[in-house]
>>> print(open('coords_19.cif').read())   # mmCIF, C-alpha atoms and all ligand atoms
data_entry
#
loop_
_atom_site.label_atom_id
_atom_site.label_comp_id
_atom_site.auth_asym_id
_atom_site.auth_seq_id
_atom_site.Cartn_x
_atom_site.Cartn_y
_atom_site.Cartn_z
CA MET P 3 -89.81 110.86 -101.12
CA MET P 4 -93.13 109.68 -99.72
CA ARG P 5 -95.09 107.58 -102.17
CA ILE P 6 -98.83 108.16 -102.23
CA GLN P 7 -101.25 105.80 -103.94
CA GLY P 8 -104.80 107.07 -104.16
CA GLU P 9 -108.26 106.02 -105.21
CA PHE P 10 -111.67 107.68 -105.16
CA LEU P 11 -114.18 105.31 -103.60
CA GLY P 12 -116.80 107.80 -104.78
CA GLY P 13 -117.08 111.46 -105.71
CA GLY P 14 -114.27 111.39 -108.27
CA HIS P 15 -116.11 112.27 -111.47
CA GLU P 16 -119.34 113.31 -109.74
CA VAL P 17 -120.63 115.69 -107.07
CA GLY P 18 -121.56 113.62 -104.01
CA ARG P 19 -120.63 110.43 -102.05
CA LEU P 20 -116.97 111.40 -101.63
CA GLY P 21 -114.36 108.97 -100.33
CA ILE P 22 -110.65 109.60 -100.92
CA TYR P 23 -108.43 106.66 -100.03
CA LEU P 24 -104.73 107.55 -99.77
CA LYS P 25 -101.97 105.07 -98.96
CA CYS P 26 -99.00 107.16 -97.82
CA ASP P 27 -96.03 104.74 -97.68
CA ARG P 28 -97.50 102.26 -95.21
CA THR P 29 -100.17 104.46 -93.60
CA ARG P 30 -103.69 104.06 -95.00
CA LEU P 31 -105.88 107.14 -94.70
CA LEU P 32 -109.43 107.93 -95.73
CA PHE P 33 -110.58 111.50 -96.34
CA ASP P 34 -114.39 111.80 -96.09
CA TYR P 35 -116.87 109.01 -96.55
CA GLY P 36 -120.29 110.21 -97.64
CA MET P 37 -123.45 109.34 -99.47
CA THR P 38 -125.58 111.11 -102.08
CA ALA P 39 -128.99 111.67 -100.52
CA THR P 40 -131.03 111.15 -103.68
CA ALA P 41 -133.97 108.74 -104.00
CA PRO P 42 -132.67 106.05 -103.93
CA PRO P 43 -129.46 107.12 -102.13
CA LEU P 44 -126.07 106.47 -103.76
CA TYR P 45 -123.22 105.00 -101.74
CA PRO P 46 -119.45 104.96 -102.33
CA ARG P 47 -117.48 101.76 -102.88
CA GLU P 48 -116.74 99.76 -99.74
CA SER P 49 -113.70 101.18 -98.04
CA PRO P 50 -110.75 98.82 -97.55
CA PRO P 51 -109.32 98.75 -94.00
CA VAL P 52 -107.76 102.10 -93.05
CA ASP P 53 -105.67 103.32 -90.11
CA ARG P 54 -107.40 106.67 -89.69
CA MET P 55 -110.10 108.83 -91.20
CA PHE P 56 -110.18 112.60 -91.66
CA LEU P 57 -113.49 114.40 -92.16
CA THR P 58 -113.37 117.73 -94.03
CA HIS P 59 -116.92 118.85 -93.15
CA SER P 60 -120.39 117.68 -92.30
CA HIS P 61 -122.47 117.61 -95.43
CA LEU P 62 -123.97 114.17 -96.01
CA ASP P 63 -121.96 113.63 -99.19
CA HIS P 64 -118.80 113.82 -97.03
CA CYS P 65 -119.82 112.39 -93.64
CA GLY P 66 -122.89 110.22 -94.30
CA MET P 67 -121.09 106.84 -94.29
CA ILE P 68 -118.93 107.29 -91.19
CA PRO P 69 -121.10 104.98 -89.02
CA TRP P 70 -120.71 102.23 -91.62
CA LEU P 71 -116.93 102.68 -91.43
CA THR P 72 -116.55 102.84 -87.64
CA ALA P 73 -118.84 99.81 -87.23
CA ARG P 74 -116.28 97.77 -89.21
CA TYR P 75 -112.90 99.27 -88.42
CA ASP P 76 -111.54 100.25 -85.05
CA ILE P 77 -110.30 103.69 -86.12
CA ASP P 78 -110.34 107.33 -85.11
CA VAL P 79 -112.15 109.97 -87.14
CA VAL P 80 -110.32 113.29 -86.97
CA THR P 81 -112.34 116.46 -87.47
CA THR P 82 -113.22 119.83 -85.92
CA PRO P 83 -115.60 119.85 -82.92
CA MET P 84 -118.07 121.74 -85.13
CA SER P 85 -118.06 119.08 -87.87
CA ARG P 86 -118.51 116.37 -85.24
CA GLU P 87 -121.55 118.07 -83.74
CA ILE P 88 -123.26 118.79 -87.06
CA GLY P 89 -122.26 115.40 -88.49
CA LEU P 90 -123.98 113.51 -85.68
CA LEU P 91 -127.13 115.61 -86.19
CA LEU P 92 -127.15 114.72 -89.90
CA MET P 93 -126.43 111.02 -89.40
CA GLU P 94 -129.31 110.67 -86.93
CA ASP P 95 -131.57 112.61 -89.27
CA SER P 96 -130.60 110.49 -92.28
CA ILE P 97 -131.75 107.37 -90.43
CA LYS P 98 -135.15 108.99 -89.75
CA VAL P 99 -135.50 110.12 -93.36
CA GLY P 100 -134.36 106.72 -94.67
CA GLN P 101 -136.93 104.93 -92.51
CA SER P 102 -139.76 107.12 -93.73
CA GLU P 103 -138.76 106.61 -97.37
CA GLY P 104 -138.32 102.86 -96.99
CA TYR P 105 -134.81 102.46 -98.43
CA PRO P 106 -132.54 99.90 -96.75
CA GLU P 107 -130.20 101.67 -94.35
CA PRO P 108 -126.44 101.04 -94.46
CA TYR P 109 -126.31 101.49 -90.66
CA ASN P 110 -128.54 101.96 -87.63
CA ILE P 111 -128.69 104.25 -84.62
CA ASP P 112 -126.32 102.00 -82.60
CA ASP P 113 -123.71 102.45 -85.32
CA VAL P 114 -124.14 106.23 -85.01
CA LYS P 115 -123.50 105.88 -81.26
CA ILE P 116 -120.29 103.97 -81.97
CA ALA P 117 -119.25 106.64 -84.47
CA SER P 118 -119.87 109.39 -81.93
CA LYS P 119 -117.19 107.87 -79.69
CA ARG P 120 -114.59 107.66 -82.47
CA PHE P 121 -114.23 111.36 -83.20
CA ARG P 122 -110.92 113.01 -82.34
CA GLU P 123 -110.71 116.76 -82.24
CA ILE P 124 -108.49 118.93 -84.41
CA LYS P 125 -108.45 122.74 -84.57
CA PHE P 126 -107.41 125.06 -87.39
CA GLY P 127 -103.62 125.33 -87.33
CA GLY P 128 -103.39 122.13 -85.27
CA THR P 129 -101.90 118.80 -86.40
CA SER P 130 -102.79 115.15 -86.05
CA ASP P 131 -100.10 112.48 -86.03
CA ALA P 132 -101.04 109.43 -88.13
CA ASP P 133 -98.24 106.89 -87.57
CA GLY P 134 -95.58 109.59 -87.82
CA LEU P 135 -97.30 111.36 -90.70
CA GLN P 136 -98.23 114.92 -89.73
CA VAL P 137 -101.60 116.16 -90.96
CA LYS P 138 -102.42 119.84 -90.46
CA ALA P 139 -105.88 121.48 -90.49
CA HIS P 140 -106.71 124.71 -92.36
CA SER P 141 -110.05 126.49 -92.71
CA ALA P 142 -111.82 125.68 -96.01
CA GLY P 143 -114.27 128.63 -96.00
CA HIS P 144 -117.13 126.39 -97.18
CA ILE P 145 -119.29 126.20 -94.04
CA PRO P 146 -118.34 126.74 -90.37
CA GLY P 147 -115.84 124.06 -89.27
CA ALA P 148 -115.01 122.95 -92.84
CA THR P 149 -111.37 121.91 -93.07
CA MET P 150 -108.62 121.39 -95.63
CA TYR P 151 -105.96 118.85 -94.62
CA GLU P 152 -102.26 119.25 -95.40
CA LEU P 153 -100.24 116.05 -95.27
CA GLY P 154 -96.62 116.70 -94.30
CA GLY P 155 -93.48 114.74 -95.02
CA SER P 156 -90.84 115.07 -97.72
CA SER P 157 -93.56 116.24 -100.08
CA THR P 158 -96.81 117.88 -99.04
CA THR P 159 -100.33 117.15 -100.22
CA LEU P 160 -103.38 119.33 -99.64
CA VAL P 161 -106.86 117.79 -99.60
CA THR P 162 -109.36 120.63 -99.92
CA GLY P 163 -112.74 118.99 -99.37
CA ASP P 164 -115.30 121.61 -100.44
CA ILE P 165 -113.95 125.17 -100.50
CA HIS P 166 -115.01 128.73 -101.01
CA THR P 167 -112.57 131.59 -101.25
CA ILE P 168 -114.82 134.62 -100.71
CA ASP P 169 -115.78 136.03 -97.31
CA THR P 170 -119.53 135.51 -96.84
CA ARG P 171 -121.62 136.85 -93.96
CA LEU P 172 -121.17 133.47 -92.27
CA VAL P 173 -117.53 132.41 -92.85
CA ASN P 174 -114.27 133.83 -94.15
CA GLY P 175 -112.88 132.38 -97.37
CA ALA P 176 -110.08 129.78 -97.63
CA LYS P 177 -106.51 130.89 -98.27
CA PRO P 178 -104.19 128.88 -100.55
CA VAL P 179 -101.63 126.58 -98.88
CA ARG P 180 -98.31 125.96 -100.64
CA CYS P 181 -98.02 122.26 -101.48
CA ASP P 182 -96.51 119.73 -103.91
CA ASN P 183 -99.79 117.92 -104.63
CA LEU P 184 -103.27 119.40 -104.58
CA ILE P 185 -106.41 117.25 -104.40
CA MET P 186 -109.12 119.81 -105.10
CA GLU P 187 -112.89 119.86 -105.50
CA SER P 188 -114.22 121.07 -108.87
CA THR P 189 -118.00 121.37 -108.43
CA TYR P 190 -118.14 124.68 -110.31
CA SER P 191 -115.66 123.85 -113.06
CA GLY P 192 -116.84 125.82 -116.08
CA ARG P 193 -119.16 128.12 -114.13
CA ASN P 194 -118.68 131.38 -112.24
CA HIS P 195 -120.85 133.04 -109.60
CA GLU P 196 -122.50 136.40 -109.70
CA ASP P 197 -120.95 138.81 -107.19
CA ARG P 198 -122.30 137.85 -103.73
CA ALA P 199 -123.34 141.39 -102.81
CA LYS P 200 -125.41 141.59 -105.99
CA THR P 201 -127.14 138.27 -105.23
CA GLU P 202 -127.93 139.45 -101.70
CA TYR P 203 -129.35 142.71 -103.02
CA ARG P 204 -131.52 140.92 -105.60
CA LEU P 205 -132.93 138.53 -103.01
CA LEU P 206 -133.82 141.30 -100.54
CA LYS P 207 -135.40 143.33 -103.35
CA LYS P 208 -137.48 140.35 -104.45
CA VAL P 209 -138.68 139.65 -100.90
CA GLU P 210 -139.75 143.29 -100.62
CA GLU P 211 -141.53 143.17 -103.98
CA VAL P 212 -143.45 140.02 -102.95
CA HIS P 213 -144.53 141.65 -99.68
CA GLU P 214 -145.63 144.83 -101.45
CA ARG P 215 -147.96 142.93 -103.74
CA GLY P 216 -149.48 141.14 -100.74
CA GLY P 217 -147.74 137.79 -101.19
CA LYS P 218 -145.59 135.55 -99.01
CA ALA P 219 -141.96 134.62 -99.67
CA ILE P 220 -140.89 131.03 -98.99
CA ILE P 221 -137.13 130.67 -98.93
CA PRO P 222 -136.05 127.01 -99.06
CA ALA P 223 -132.51 126.62 -97.69
CA PHE P 224 -130.10 123.87 -96.67
CA ALA P 225 -130.08 123.51 -92.88
CA VAL P 226 -126.28 123.57 -92.65
CA GLY P 227 -124.72 126.93 -93.49
CA ARG P 228 -127.13 128.38 -96.05
CA THR P 229 -129.91 128.94 -93.50
CA GLN P 230 -127.62 130.86 -91.17
CA GLU P 231 -126.21 132.98 -93.97
CA LEU P 232 -129.78 133.92 -94.93
CA LEU P 233 -130.71 134.83 -91.36
CA LEU P 234 -127.65 137.11 -91.31
CA LEU P 235 -128.95 138.74 -94.49
CA LEU P 236 -132.61 139.03 -93.40
CA LYS P 237 -131.84 140.34 -89.92
CA ASP P 238 -131.86 143.99 -91.03
CA MET P 239 -135.26 143.66 -92.67
CA LYS P 240 -138.04 145.58 -90.90
CA ARG P 241 -140.52 142.70 -91.11
CA ASP P 242 -140.53 139.50 -89.09
CA PHE P 243 -139.22 136.28 -90.60
CA TRP P 244 -139.65 132.68 -89.48
CA LEU P 245 -137.36 129.67 -89.45
CA ASP P 246 -138.69 126.11 -89.60
CA GLY P 247 -136.89 122.74 -89.82
CA MET P 248 -133.42 121.43 -89.01
CA GLY P 249 -131.78 124.81 -89.52
CA ARG P 250 -132.82 125.68 -85.96
CA LYS P 251 -130.68 122.97 -84.38
CA VAL P 252 -127.74 123.83 -86.61
CA SER P 253 -128.02 127.53 -85.72
CA LYS P 254 -127.88 126.57 -82.06
CA ALA P 255 -124.73 124.52 -82.63
CA TYR P 256 -123.11 127.42 -84.50
CA LEU P 257 -123.88 129.76 -81.60
CA SER P 258 -122.31 127.33 -79.14
CA MET P 259 -119.00 127.44 -81.10
CA PRO P 260 -118.78 131.04 -82.30
CA GLU P 261 -115.06 130.69 -83.09
CA TYR P 262 -116.06 128.90 -86.33
CA VAL P 263 -118.26 131.70 -87.70
CA ARG P 264 -117.16 135.08 -88.99
CA SER P 265 -118.98 136.98 -86.26
CA GLY P 266 -120.64 135.14 -83.38
CA LYS P 267 -122.11 138.44 -82.23
CA ARG P 268 -123.86 139.11 -85.52
CA LEU P 269 -125.11 135.53 -85.77
CA ARG P 270 -126.60 135.84 -82.28
CA GLN P 271 -128.35 139.06 -83.28
CA ALA P 272 -129.72 137.33 -86.38
CA VAL P 273 -130.96 134.29 -84.47
CA ASN P 274 -132.54 136.54 -81.83
CA ARG P 275 -134.38 138.42 -84.58
CA THR P 276 -135.70 135.14 -86.05
CA LYS P 277 -139.11 133.75 -85.06
CA MET P 278 -138.61 130.03 -84.52
CA VAL P 279 -141.20 127.37 -85.32
CA LYS P 280 -141.18 125.02 -82.34
CA SER P 281 -144.67 123.50 -82.50
CA ARG P 282 -147.68 122.95 -84.76
CA HIS P 283 -149.14 126.13 -83.40
CA GLY P 284 -145.91 127.93 -84.37
CA ARG P 285 -146.10 126.46 -87.86
CA ALA P 286 -149.63 127.80 -88.28
CA ARG P 287 -148.42 131.26 -87.22
CA ALA P 288 -145.45 131.05 -89.59
CA ALA P 289 -147.80 130.09 -92.44
CA ARG P 290 -149.72 133.32 -91.84
CA SER P 291 -146.53 135.42 -91.80
CA ASP P 292 -144.90 136.76 -94.96
CA THR P 293 -141.33 135.37 -94.90
CA ILE P 294 -140.34 131.79 -94.08
CA VAL P 295 -136.89 130.21 -94.31
CA THR P 296 -137.16 126.43 -94.21
CA THR P 297 -135.81 123.05 -95.28
CA SER P 298 -135.24 121.19 -97.45
CA GLY P 299 -133.21 123.35 -99.81
CA MET P 300 -134.10 121.25 -102.86
CA LEU P 301 -137.72 120.67 -101.85
CA ASP P 302 -137.16 116.95 -101.28
CA GLY P 303 -139.31 116.69 -98.16
CA GLY P 304 -139.22 118.80 -95.01
CA PRO P 305 -141.65 121.48 -93.81
CA VAL P 306 -141.19 123.48 -97.03
CA ILE P 307 -143.61 121.12 -98.80
CA ASP P 308 -146.52 122.06 -96.51
CA TYR P 309 -145.88 125.79 -96.89
CA LEU P 310 -145.59 125.40 -100.63
CA ASP P 311 -148.73 123.31 -100.89
CA ASN P 312 -150.67 126.14 -99.19
CA LEU P 313 -149.33 128.91 -101.41
CA LYS P 314 -148.89 127.21 -104.75
CA ASP P 315 -151.99 128.82 -106.30
CA ASP P 316 -151.34 132.35 -105.05
CA PRO P 317 -149.66 134.28 -107.89
CA ARG P 318 -148.65 137.09 -105.49
CA SER P 319 -146.45 134.67 -103.49
CA ALA P 320 -143.02 133.38 -104.44
CA ILE P 321 -140.63 130.48 -103.86
CA LEU P 322 -137.10 131.85 -103.72
CA LEU P 323 -134.60 129.02 -104.19
CA THR P 324 -131.19 129.76 -102.68
CA GLY P 325 -129.01 126.97 -104.00
CA TYR P 326 -128.20 124.66 -106.84
CA GLN P 327 -130.99 122.16 -107.59
CA VAL P 328 -129.50 118.81 -108.59
CA GLU P 329 -130.89 116.70 -111.41
CA GLY P 330 -133.76 114.57 -110.11
CA SER P 331 -134.61 116.84 -107.16
CA ASN P 332 -138.04 118.33 -106.63
CA GLY P 333 -136.52 121.80 -106.93
CA ARG P 334 -135.17 120.96 -110.39
CA ARG P 335 -138.63 119.75 -111.49
CA LEU P 336 -140.08 123.02 -110.27
CA LEU P 337 -137.54 125.03 -112.29
CA ASN P 338 -137.87 122.91 -115.43
CA ASP P 339 -141.55 121.95 -115.50
CA GLY P 340 -143.30 124.17 -112.93
CA VAL P 341 -144.44 121.15 -110.92
CA ILE P 342 -143.42 119.41 -107.70
CA ASP P 343 -144.09 116.04 -106.19
CA VAL P 344 -146.23 116.18 -103.02
CA GLN P 345 -146.56 112.74 -101.44
CA GLY P 346 -146.48 110.96 -104.76
CA ALA P 347 -148.83 113.35 -106.59
CA THR P 348 -147.61 115.78 -109.26
CA VAL P 349 -148.77 119.27 -108.31
CA LYS P 350 -148.71 122.37 -110.51
CA VAL P 351 -147.18 125.47 -108.91
CA ASN P 352 -148.65 128.81 -109.97
CA CYS P 353 -146.80 131.23 -107.71
CA GLU P 354 -143.57 132.93 -108.80
CA VAL P 355 -140.38 130.87 -108.75
CA ALA P 356 -136.93 132.49 -108.67
CA GLN P 357 -133.42 131.22 -107.99
CA PHE P 358 -130.48 132.91 -106.28
CA ASP P 359 -126.90 131.62 -106.30
CA PHE P 360 -125.69 131.55 -102.68
CA SER P 361 -123.22 128.76 -103.42
CA ALA P 362 -120.73 127.73 -100.74
CA HIS P 363 -118.32 126.48 -103.45
CA ALA P 364 -115.61 128.43 -105.25
CA GLY P 365 -116.49 129.24 -108.87
CA HIS P 366 -114.30 128.34 -111.84
CA ASP P 367 -112.03 131.41 -111.75
CA GLN P 368 -111.80 131.25 -107.96
CA LEU P 369 -110.64 127.61 -108.14
CA LEU P 370 -108.02 128.59 -110.72
CA GLU P 371 -106.74 131.40 -108.55
CA PHE P 372 -106.69 129.16 -105.49
CA ALA P 373 -104.67 126.48 -107.32
CA ARG P 374 -102.18 129.09 -108.53
CA GLY P 375 -101.73 130.25 -104.95
CA CYS P 376 -101.03 126.68 -103.80
CA ALA P 377 -98.46 126.33 -106.63
CA PRO P 378 -98.37 122.51 -106.67
CA GLU P 379 -96.75 120.27 -109.27
CA LYS P 380 -99.66 117.89 -109.54
CA ILE P 381 -103.37 118.57 -109.21
CA VAL P 382 -106.02 115.89 -108.81
CA LEU P 383 -109.54 117.18 -109.47
CA CYS P 384 -112.55 115.53 -107.87
CA HIS P 385 -116.12 116.26 -106.69
CA GLY P 386 -117.19 117.50 -110.14
CA ASP P 387 -119.10 116.21 -113.16
CA ASN P 388 -117.45 118.62 -115.60
CA ARG P 389 -113.77 118.53 -114.53
CA GLU P 390 -112.25 118.76 -118.02
CA VAL P 391 -112.96 122.49 -118.43
CA LEU P 392 -111.01 123.43 -115.31
CA ALA P 393 -108.32 120.84 -116.09
CA GLU P 394 -107.75 122.49 -119.45
CA ASP P 395 -107.20 125.92 -117.89
CA LEU P 396 -104.90 124.46 -115.23
CA ARG P 397 -102.81 122.60 -117.83
CA ARG P 398 -102.45 125.82 -119.80
CA ASP P 399 -100.89 127.23 -116.61
CA GLY P 400 -98.35 124.38 -116.63
CA PHE P 401 -99.84 122.16 -113.94
CA GLU P 402 -99.98 118.40 -114.34
CA VAL P 403 -103.65 117.49 -113.84
CA LEU P 404 -105.09 114.05 -113.07
CA LEU P 405 -108.77 113.18 -113.49
CA PRO P 406 -109.17 109.68 -112.07
CA LEU P 407 -112.58 108.03 -112.25
CA ASN P 408 -114.11 106.37 -109.21
CA GLY P 409 -112.19 103.16 -108.53
CA GLU P 410 -109.21 104.15 -110.70
CA LYS P 411 -105.83 104.18 -108.92
CA PHE P 412 -103.53 107.22 -109.13
CA GLU P 413 -100.04 108.02 -107.85
CA LEU P 414 -98.55 111.17 -106.37
ZN ZN O 501 -120.13 120.54 -98.73
ZN ZN O 502 -119.58 118.20 -101.19
#
>>> encode(input="coords_19.cif", output="structure tokens", more="lines below")
Ligand SMILES: [Zn+2]
Ligand SMILES: [Zn+2]
Amino acid sequence: MMRIQGEFLGGGHEVGRLGIYLKCDRTRLLFDYGMTATAPPLYPRESPPVDRMFLTHSHLDHCGMIPWLTARYDIDVVTTPMSREIGLLLMEDSIKVGQSEGYPEPYNIDDVKIASKRFREIKFGGTSDADGLQVKAHSAGHIPGATMYELGGSSTTLVTGDIHTIDTRLVNGAKPVRCDNLIMESTYSGRNHEDRAKTEYRLLKKVEEVHERGGKAIIPAFAVGRTQELLLLLKDMKRDFWLDGMGRKVSKAYLSMPEYVRSGKRLRQAVNRTKMVKSRHGRARAARSDTIVTTSGMLDGGPVIDYLDNLKDDPRSAILLTGYQVEGSNGRRLLNDGVIDVQGATVKVNCEVAQFDFSAHAGHDQLLEFARGCAPEKIVLCHGDNREVLAEDLRRDGFEVLLPLNGEKFEL
């Protein structure tokens, strides 16, 4: 029986900065190594030396610390070509953002260059051999290219990364994988989502309503995944819509690897229908239009701030948030207090504010169902700040559930 000793370097009892260290007999593996992009940023514990790293997907809380790792250890980073491409975009961007905000950077652009040479490709259904230990890749349904890893051997262990189990317009949902041990995210422990079709309908209705009363709709969205799902939704609208910010580059990357999206053809149609902001002149035109999708999704910087600053006193206009707004983000301040921070000044927002749940994570019941389908003996929950609720339901089903804190060792 293979003996696995594990430890969360971060992201155990919290959403963000994930790092899962697993020592499988003698082979030392690291799954994800990310940072929480708050102000100031939060980093995981320093990783001990490892033999290989596996990246589940390219959100900063999973990939943001890879350059730190590859600058110290001479190791390969296994991931899908899609996650590599998007990850490098994000790492370069995080250096730019970090410089403008004045926080000390854990790595520089040369470290990103080193990291870019360390990536090794894996495809869904393919395996990677880590010192005789077979690791197989499965689609995680979270964003295009997101992967779950199945460690083989006398007992099998599935590391989910972030997962969603429903088919969205952008990606198909994850399917359970039979395993002995399941290391699963639990972001939405205790919470369920509204039916996606209903959320889509409500958003489109609201955009229409805003237009009819003569206002503009600003739709803040994460550049990676959310933006493209929204373009797929807006593409059948009669009116023009604009896209500004990093979502453009990500859309391009998605189009270059259509095998990772649900329908490359439909995404191309959506992107072709989208008016892209490529210059200051374009931004001025977008500001005069009536629908703008832009970054950042939680209003912490990005072009969205300028658009918002222009419209904040127009009660006919609306800000339509499309994701969860974490504690401490500008978006959360807007929801709670009706204000945002614009370059250090607190600014009152008088236009309509609404929120729509386009989450890329499985909800509570979906996580339960997924775990049942995997039928493991042991389940380790991570990537959640409210894990106990889900743990309770899983234990009632007869599973053994572990809830290690960051830095606490566990055995499988
Ligand atoms: Zn993610
Ligand atoms: Zn995550």
>>> atom_distance(input="coords_19.cif", atom1="atom CA of Cys26 of chain P", atom2="atom CA of Phe126 of chain P")
22.4 Å
>>> residues_around(input="coords_19.cif", residues="Phe358 of chain P", least_positions_apart="5", cutoff="8 Å", atoms="all atoms listed in the file", output="JSON, numbers by chain")
{"P": [201, 205, 322, 323, 324, 325]}
>>> atom_distance(input="coords_19.cif", atom1="atom CA of Gly284 of chain P", atom2="atom CA of Val226 of chain P")
21.7 Å
>>> residues_around(input="coords_19.cif", residues="Ala289 of chain P", least_positions_apart="3", cutoff="10 Å", atoms="only C-alpha atoms", output="ChimeraX atom specification")
/P:218,220,244,283-286,292-294,308-310,312-313
>>> residues_near_ligand(input="coords_19.cif", ligand="ligand ZN 501 (chain O)", cutoff="9 Å", atoms="only C-alpha atoms and all ligand atoms", output="list in words")
Gly18, Thr58, His59, Ser60, His61, Leu62, Asp63, His64, His144, Ile145, Ala148, Gly163, Asp164, Ile165, Ala362 and His363 of chain P
>>> atom_distance(input="coords_19.cif", atom1="atom CA of His15 of chain P", atom2="atom CA of Leu31 of chain P")
20.3 Å
>>> closest_atom_pairs(input="coords_19.cif", of="segment 261-356 of chain P", to="segment 74-96 of chain P", cutoff="12 Å", atoms="all atoms listed in the file", output="CSV")
residue,atom,partner,partner_atom,distance
P:Glu261,CA,P:Met84,CA,9.7
P:Tyr262,CA,P:Met84,CA,7.5
P:Val263,CA,P:Met84,CA,10.3
P:Gly304,CA,P:Asp95,CA,11.4
>>> write_last_selection(input="coords_19.cif", atoms="C-alpha atoms", output="JSON list (two decimals), keeping the file's coordinate frame")
[["chain", "number", "residue", "atom", "x", "y", "z"],
["P", 261, "GLU", "CA", -115.06, 130.69, -83.09],
["P", 262, "TYR", "CA", -116.06, 128.90, -86.33],
["P", 263, "VAL", "CA", -118.26, 131.70, -87.70],
["P", 304, "GLY", "CA", -139.22, 118.80, -95.01]]
>>> closest_residue(input="coords_19.cif", among="P:Gly192, P:Gly8, P:Gly14, P:Gly216", to="ligand ZN 502 (chain O)", atoms="all atoms listed in the file")
P:Gly14
>>> residues_around(input="coords_19.cif", residues="segment 33-44 of chain P", least_positions_apart="3", cutoff="9 Å", atoms="all atoms listed in the file", output="PyMOL selection string")
chain P and resi 11-13+17-24+49+54-59+61-68+71+96+100+103+105+151+161+163+302+330-331
>>> residues_around(input="coords_19.cif", residues="His140 of chain P", least_positions_apart="6", cutoff="6 Å", atoms="only C-alpha atoms", output="list in words")
Phe126, Gly127, Thr149 and Met150 of chain P
>>> write_last_selection(input="coords_19.cif", atoms="C-alpha atoms", output="PDB file, in the frame of the given file")
ATOM      1  CA  PHE P 126    -107.410 125.060 -87.390  1.00  0.00           C
ATOM      2  CA  GLY P 127    -103.620 125.330 -87.330  1.00  0.00           C
ATOM      3  CA  THR P 149    -111.370 121.910 -93.070  1.00  0.00           C
ATOM      4  CA  MET P 150    -108.620 121.390 -95.630  1.00  0.00           C
TER       5      MET P 150
END
>>> axis_aligned_box(input="coords_19.cif", around="segment 184-192 of chain P", padding_each_side="6 Å", output="JSON")
{"center_x": -110.7, "center_y": 121.5, "center_z": -110.2, "size_x": 26.9, "size_y": 20.6, "size_z": 23.7}
